[in-house]
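S.K.: I'd like to ask you about the structure that follows.
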Amino acid sequence: GSTSSLTGSGAEYTNNNNNNDMYDNEFMRSNRLAKSDLVVLLAGSDDDRSVVEIRNLTSFGCELGYRCVYVEGGTEGVLGASSRLNPQADATPHVPSISRDAIIYLYTINQYKHAQNERYGVKGRDYGGGGGGGARGRQPMETYILDIRRHDELSLYGTIRGARHLPGNHLPHALTLKNDEWRSKYGFNKPGLHDVVIVLCNTGIRSKWVAHLFLDYGYVNVLHDSQGTNSWHLDPNLDVYQTYDLAEGLPDPVPFEVDEISFEKGRADLERMGMLHIFLEQASTN
């Protein structure tokens, strides 16, 4: 989608030129936001009041189903950053892609790990009521497989076994929640900054965007499935479907042949990525 930037004082859109009212109204009518657009909110300053307002507006937009982000530091931050940018440098962090077989392999490792913990009475980590990503000491990392599709998509077209549901339109606001708030809202602990976070959607487009949000927030082990659930083909109850807007009607599922799971390929993919040892250490650490 396109990118829309709203500039104002705090979280309020302002226009000091009344002569442009007719043009502005026409512009807004011809440039209505789509749910696939990325809405970038930019405050006029970075004082405490403006920060609170721009975060609230971003959260409100996300709750409505739009992809909203805000720029830290307001216009001052943008102007300061622009003077330091190297036009030849790529500031966008790379998000590694992970295959479906590797995800299944990781899910199996996780199941083994939790079965062993239950067998030997090992309790999960205690956050002490704080947010995810705090001091971790020598605690082993956890792996989170996050399905960021909407509620209607999961209800109508199926879910991935072992995945936790984090609606993508709740981000980036959800990342600011403390663990107690996160757990109350989503039913599982908030990932720590060094946990492994794997993000999935149906095509790989939204998951890449969400993965970047996690990276921007300080997470270091973030992966996404670039093929999405439409290329999963491992579960007959997980449908293939085209991306849709609820106002446009529901697409019919696309038939597909169920593939066999390849644990060997999953292990090889993780080894190729240089990450196999991390997950094996997770499984062996209690």
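Quick note on naming: the chains in the structure tokens go A, B, ... in the order shown, residues restart at 1 in each chain, and ligands are numbered from 1 in order of appearance.
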DSSP on the backbone, then: every residue of region 40-79 of chain A marked alpha helix (DSSP H), written as a ChimeraX atom specification.
M.R.: /A:48-63,74-79
S.K.: Dump as CSV the rows for residues of region 174-259 of chain A within 10 Å of region 101-118 of chain A: closest atom pair and distance in Å with one decimal, only C-alpha atoms counted, ordered by chain and rising residue number.
M.R.:
residue,atom,partner,partner_atom,distance
A:Ile198,CA,A:Ile103,CA,8.2
A:His224,CA,A:Ile103,CA,9.8
A:Asp225,CA,A:Ile103,CA,8.6
A:Trp232,CA,A:Asp101,CA,9.0
A:Leu234,CA,A:Asp101,CA,9.3
S.K.: Print the selection's residues with C-alpha atoms to a file, as a CSV table (one decimal), in the first residue's frame.
M.R.:
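Contents of the output file again-v5.csv:
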chain,number,residue,atom,x,y,z
A,198,ILE,CA,8.8,-16.0,14.4
A,224,HIS,CA,9.4,-14.3,9.4
A,225,ASP,CA,7.9,-16.8,7.0
A,232,TRP,CA,2.1,-24.0,4.2
A,234,LEU,CA,0.9,-29.2,5.6
S.K.: Just to confirm, what's the straight-line distance from CA of Ser45 (chain A) to CA of Cys68 (chain A) in Å (one decimal)?
M.R.: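 Those two atoms sit 18.4 Å apart.
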S.K.: With a distance cut-off of 9 Å and only C-alpha atoms, select the neighbouring residues of Ala174 (chain A), excluding the residue or stretch itself and same-chain residues fewer than 6 positions from it, and output the selection as a PyMOL selection string.
M.R.: chain A and resi 59+166+182
S.K.: Could you dump the residues just selected with all heavy atoms as a short mmCIF file (atom, residue, chain, number, x, y, z; two decimals), in the first residue's frame?
M.R.:
data_model
loop_
_atom_site.label_atom_id
_atom_site.label_comp_id
_atom_site.auth_asym_id
_atom_site.auth_seq_id
_atom_site.Cartn_x
_atom_site.Cartn_y
_atom_site.Cartn_z
N SER A 59 -2.35 4.05 18.65
CA SER A 59 -3.06 2.88 19.18
C SER A 59 -4.49 2.84 18.67
O SER A 59 -5.00 1.78 18.30
CB SER A 59 -3.06 2.92 20.71
OG SER A 59 -1.75 2.90 21.22
N LEU A 166 -1.34 -12.98 17.74
CA LEU A 166 -1.09 -11.57 18.03
C LEU A 166 -1.55 -10.78 16.81
O LEU A 166 -0.81 -10.69 15.82
CB LEU A 166 0.39 -11.32 18.31
CG LEU A 166 0.80 -9.86 18.49
CD1 LEU A 166 0.17 -9.28 19.75
CD2 LEU A 166 2.33 -9.72 18.53
N TRP A 182 -0.08 -7.55 28.59
CA TRP A 182 0.04 -8.39 27.39
C TRP A 182 -0.61 -9.74 27.63
O TRP A 182 -1.39 -10.23 26.82
CB TRP A 182 1.52 -8.54 27.05
CG TRP A 182 1.84 -9.44 25.90
CD1 TRP A 182 1.71 -10.80 25.85
CD2 TRP A 182 2.37 -9.04 24.62
NE1 TRP A 182 2.12 -11.29 24.64
CE2 TRP A 182 2.53 -10.22 23.86
CE3 TRP A 182 2.73 -7.82 24.07
CZ2 TRP A 182 3.04 -10.21 22.57
CZ3 TRP A 182 3.24 -7.80 22.77
CH2 TRP A 182 3.39 -8.98 22.02
#
S.K.: Counting only C-alpha atoms, which residues in region 195-227 of chain A sit no more than 12 Å from region 238-253 of chain A? For each one, give the nearest pair of atoms and the distance in Å, sorted by chain then residue number, as JSON lines.
M.R.:
{"residue": "A:Cys201", "atom": "CA", "partner": "A:Thr243", "partner_atom": "CA", "distance": 10.0}
{"residue": "A:Asn202", "atom": "CA", "partner": "A:Thr243", "partner_atom": "CA", "distance": 7.6}
{"residue": "A:Thr203", "atom": "CA", "partner": "A:Thr243", "partner_atom": "CA", "distance": 7.9}
{"residue": "A:Gly204", "atom": "CA", "partner": "A:Thr243", "partner_atom": "CA", "distance": 11.0}
{"residue": "A:Ile205", "atom": "CA", "partner": "A:Thr243", "partner_atom": "CA", "distance": 10.3}
{"residue": "A:Arg206", "atom": "CA", "partner": "A:Thr243", "partner_atom": "CA", "distance": 10.5}
{"residue": "A:Gln227", "atom": "CA", "partner": "A:Val240", "partner_atom": "CA", "distance": 11.7}
S.K.: Between A:Glu271, A:Glu142, A:Asp259, A:Asp147, which has the minimum distance to Asn221 (chain A) (counting only C-alpha atoms)?
M.R.: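 The closest residue to Asn221 (chain A) is A:Glu142.
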S.K.: Which residue gives the smallest distance to Glu153 (chain A) among A:Arg267, A:His233, A:Arg67, A:His165, with only C-alpha atoms counted?
M.R.: A:His165
S.K.: Would you mind listing what lies within 7 Å of Val199 (chain A) as a list in words, with only C-alpha atoms counted and same-chain residues fewer than 2 positions away left out?
M.R.: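 My list of contacting residues is Ile145, Leu146, Asp147, Ile148, Val197, Ser207, Ala211, Leu223, His224 and Asp225 of chain A.
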S.K.: Write a file of the just-selected residues containing N, CA, C and O atoms, as an mmCIF file, in the first residue's frame.
M.R.:
data_model
loop_
_atom_site.group_PDB
_atom_site.id
_atom_site.type_symbol
_atom_site.label_atom_id
_atom_site.label_comp_id
_atom_site.auth_asym_id
_atom_site.auth_seq_id
_atom_site.Cartn_x
_atom_site.Cartn_y
_atom_site.Cartn_z
ATOM 1 N N ILE A 145 6.015 -18.512 18.135
ATOM 2 C CA ILE A 145 5.501 -18.503 16.765
ATOM 3 C C ILE A 145 4.227 -17.682 16.791
ATOM 4 O O ILE A 145 3.227 -18.079 17.398
ATOM 5 N N LEU A 146 4.252 -16.513 16.147
ATOM 6 C CA LEU A 146 3.152 -15.560 16.228
ATOM 7 C C LEU A 146 2.409 -15.477 14.904
ATOM 8 O O LEU A 146 2.994 -15.128 13.874
ATOM 9 N N ASP A 147 1.135 -15.788 14.928
ATOM 10 C CA ASP A 147 0.259 -15.631 13.768
ATOM 11 C C ASP A 147 -0.379 -14.258 13.886
ATOM 12 O O ASP A 147 -1.170 -14.007 14.799
ATOM 13 N N ILE A 148 -0.056 -13.337 12.967
ATOM 14 C CA ILE A 148 -0.502 -11.952 13.118
ATOM 15 C C ILE A 148 -1.699 -11.627 12.224
ATOM 16 O O ILE A 148 -2.036 -10.458 12.038
ATOM 17 N N VAL A 197 11.464 -14.811 18.035
ATOM 18 C CA VAL A 197 10.123 -14.440 17.598
ATOM 19 C C VAL A 197 9.991 -14.752 16.107
ATOM 20 O O VAL A 197 10.745 -14.224 15.289
ATOM 21 N N SER A 207 3.741 -10.013 7.736
ATOM 22 C CA SER A 207 4.669 -10.561 8.726
ATOM 23 C C SER A 207 6.023 -9.861 8.671
ATOM 24 O O SER A 207 6.667 -9.658 9.697
ATOM 25 N N ALA A 211 7.645 -7.914 11.727
ATOM 26 C CA ALA A 211 8.995 -8.285 12.155
ATOM 27 C C ALA A 211 9.877 -7.047 12.291
ATOM 28 O O ALA A 211 10.674 -6.934 13.233
ATOM 29 N N LEU A 223 12.396 -13.561 13.113
ATOM 30 C CA LEU A 223 12.329 -14.230 11.816
ATOM 31 C C LEU A 223 10.914 -14.113 11.282
ATOM 32 O O LEU A 223 9.967 -13.881 12.045
ATOM 33 N N HIS A 224 10.751 -14.279 9.972
ATOM 34 C CA HIS A 224 9.406 -14.322 9.421
ATOM 35 C C HIS A 224 9.350 -15.322 8.274
ATOM 36 O O HIS A 224 10.365 -15.619 7.639
ATOM 37 N N ASP A 225 8.159 -15.857 8.051
ATOM 38 C CA ASP A 225 7.931 -16.801 6.961
ATOM 39 C C ASP A 225 7.539 -15.996 5.725
ATOM 40 O O ASP A 225 6.414 -15.509 5.625
#
S.K.: Using only C-alpha atoms, can you tell me which of A:Phe279, A:Tyr219, A:Glu63, A:Pro167 comes closest to His194 (chain A)?
M.R.: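 For His194 (chain A), the nearest of the given residues is A:Tyr219.
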S.K.: Expressed in Å to a single decimal, how great is the separation between CA of Leu38 (chain A) and CA of Leu175 (chain A)?
M.R.: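 Calculated distance between CA of Leu38 (chain A) and CA of Leu175 (chain A) is 17.6 Å.
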S.K.: If we count only C-alpha atoms, what is near Arg55 (chain A) at a cut-off of 9 Å, once residues fewer than 2 positions away on the same chain are taken out, given as an MDAnalysis selection string?
M.R.: chainID A and resid 11 50:53 57:60 69:70 173
S.K.: So that I have them on file, write out the residues from the current selection with all heavy atoms, as an mmCIF file, in the first residue's frame.
M.R.:
data_model
loop_
_atom_site.group_PDB
_atom_site.id
_atom_site.type_symbol
_atom_site.label_atom_id
_atom_site.label_comp_id
_atom_site.auth_asym_id
_atom_site.auth_seq_id
_atom_site.Cartn_x
_atom_site.Cartn_y
_atom_site.Cartn_z
ATOM 1 N N ALA A 11 -0.914 15.191 18.672
ATOM 2 C CA ALA A 11 -1.582 14.216 17.823
ATOM 3 C C ALA A 11 -2.713 14.859 17.031
ATOM 4 O O ALA A 11 -3.562 14.185 16.496
ATOM 5 C CB ALA A 11 -2.140 13.083 18.684
ATOM 6 N N SER A 50 2.889 15.595 23.924
ATOM 7 C CA SER A 50 2.807 15.201 22.513
ATOM 8 C C SER A 50 3.070 13.718 22.342
ATOM 9 O O SER A 50 2.428 13.048 21.529
ATOM 10 C CB SER A 50 3.805 16.013 21.680
ATOM 11 O OG SER A 50 3.479 17.383 21.699
ATOM 12 N N VAL A 51 4.036 13.182 23.105
ATOM 13 C CA VAL A 51 4.364 11.760 23.015
ATOM 14 C C VAL A 51 3.165 10.912 23.422
ATOM 15 O O VAL A 51 2.818 9.930 22.754
ATOM 16 C CB VAL A 51 5.591 11.423 23.889
ATOM 17 C CG1 VAL A 51 5.779 9.914 23.978
ATOM 18 C CG2 VAL A 51 6.847 12.077 23.322
ATOM 19 N N VAL A 52 2.506 11.286 24.522
ATOM 20 C CA VAL A 52 1.334 10.541 24.979
ATOM 21 C C VAL A 52 0.225 10.592 23.938
ATOM 22 O O VAL A 52 -0.405 9.582 23.607
ATOM 23 C CB VAL A 52 0.825 11.103 26.325
ATOM 24 C CG1 VAL A 52 -0.521 10.486 26.691
ATOM 25 C CG2 VAL A 52 1.838 10.836 27.428
ATOM 26 N N GLU A 53 -0.009 11.774 23.362
ATOM 27 C CA GLU A 53 -1.096 11.923 22.401
ATOM 28 C C GLU A 53 -0.827 11.156 21.108
ATOM 29 O O GLU A 53 -1.732 10.526 20.549
ATOM 30 C CB GLU A 53 -1.314 13.414 22.104
ATOM 31 C CG GLU A 53 -1.930 14.174 23.269
ATOM 32 C CD GLU A 53 -2.169 15.633 22.934
ATOM 33 O OE1 GLU A 53 -1.534 16.130 21.976
ATOM 34 O OE2 GLU A 53 -2.973 16.280 23.624
ATOM 35 N N LEU A 57 -3.071 8.138 19.622
ATOM 36 C CA LEU A 57 -3.650 8.188 18.284
ATOM 37 C C LEU A 57 -3.197 6.981 17.459
ATOM 38 O O LEU A 57 -3.981 6.396 16.706
ATOM 39 C CB LEU A 57 -3.247 9.485 17.591
ATOM 40 C CG LEU A 57 -3.820 9.709 16.183
ATOM 41 C CD1 LEU A 57 -5.342 9.651 16.201
ATOM 42 C CD2 LEU A 57 -3.344 11.036 15.614
ATOM 43 N N THR A 58 -1.923 6.607 17.614
ATOM 44 C CA THR A 58 -1.404 5.432 16.907
ATOM 45 C C THR A 58 -2.146 4.176 17.351
ATOM 46 O O THR A 58 -2.540 3.346 16.519
ATOM 47 C CB THR A 58 0.099 5.269 17.161
ATOM 48 O OG1 THR A 58 0.783 6.461 16.760
ATOM 49 C CG2 THR A 58 0.662 4.089 16.389
ATOM 50 N N SER A 59 -2.345 4.046 18.651
ATOM 51 C CA SER A 59 -3.063 2.883 19.182
ATOM 52 C C SER A 59 -4.487 2.842 18.669
ATOM 53 O O SER A 59 -4.999 1.783 18.300
ATOM 54 C CB SER A 59 -3.063 2.920 20.714
ATOM 55 O OG SER A 59 -1.748 2.904 21.217
ATOM 56 N N PHE A 60 -5.137 4.004 18.630
ATOM 57 C CA PHE A 60 -6.515 4.072 18.156
ATOM 58 C C PHE A 60 -6.599 3.640 16.695
ATOM 59 O O PHE A 60 -7.483 2.879 16.304
ATOM 60 C CB PHE A 60 -7.047 5.491 18.327
ATOM 61 C CG PHE A 60 -8.465 5.677 17.858
ATOM 62 C CD1 PHE A 60 -9.522 5.077 18.533
ATOM 63 C CD2 PHE A 60 -8.744 6.435 16.736
ATOM 64 C CE1 PHE A 60 -10.824 5.233 18.100
ATOM 65 C CE2 PHE A 60 -10.045 6.595 16.289
ATOM 66 C CZ PHE A 60 -11.091 5.993 16.976
ATOM 67 N N VAL A 69 2.061 3.766 12.545
ATOM 68 C CA VAL A 69 3.295 3.927 13.293
ATOM 69 C C VAL A 69 3.490 5.414 13.546
ATOM 70 O O VAL A 69 2.910 6.258 12.859
ATOM 71 C CB VAL A 69 4.520 3.367 12.534
ATOM 72 C CG1 VAL A 69 4.402 1.875 12.336
ATOM 73 C CG2 VAL A 69 4.708 4.071 11.191
ATOM 74 N N TYR A 70 4.282 5.747 14.575
ATOM 75 C CA TYR A 70 4.615 7.149 14.800
ATOM 76 C C TYR A 70 6.130 7.308 14.825
ATOM 77 O O TYR A 70 6.869 6.369 15.106
ATOM 78 C CB TYR A 70 3.984 7.675 16.098
ATOM 79 C CG TYR A 70 4.580 7.120 17.369
ATOM 80 C CD1 TYR A 70 5.643 7.774 18.014
ATOM 81 C CD2 TYR A 70 4.089 5.959 17.945
ATOM 82 C CE1 TYR A 70 6.186 7.271 19.183
ATOM 83 C CE2 TYR A 70 4.623 5.445 19.107
ATOM 84 C CZ TYR A 70 5.673 6.112 19.728
ATOM 85 O OH TYR A 70 6.219 5.609 20.879
ATOM 86 N N HIS A 173 1.428 -0.624 19.091
ATOM 87 C CA HIS A 173 1.026 -0.311 20.461
ATOM 88 C C HIS A 173 1.245 -1.493 21.403
ATOM 89 O O HIS A 173 1.668 -1.307 22.549
ATOM 90 C CB HIS A 173 -0.442 0.101 20.488
ATOM 91 C CG HIS A 173 -1.010 0.213 21.867
ATOM 92 N ND1 HIS A 173 -0.583 1.156 22.776
ATOM 93 C CD2 HIS A 173 -1.954 -0.525 22.517
ATOM 94 C CE1 HIS A 173 -1.243 1.008 23.911
ATOM 95 N NE2 HIS A 173 -2.070 -0.007 23.784
#
S.K.: With distances taken over only C-alpha atoms, which residue among A:His212, A:Lys185, A:Gly162, A:Leu200 lies nearest Arg149 (chain A)?
M.R.: A:Leu200
S.K.: Could you tell me how far CA of Val222 (chain A) sits from CA of Gly65 (chain A), in Å to one decimal place?
M.R.: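 The value is 23.2 Å.
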S.K.: What are the DSSP strand (DSSP E) residues of region 27-269 of chain A, as a list in words?
M.R.: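 The strand (DSSP E) residues within region 27-269 of chain A come out as Leu38, Val39, Val40, Leu41, Leu42, Arg67, Cys68, Val69, Tyr70, Thr143, Tyr144, Ile145, Leu146, Asp147, Arg164, His165, Val196, Val197, Ile198, Val199, Leu200, Asn221, Val222, Leu223 and His224 of chain A.
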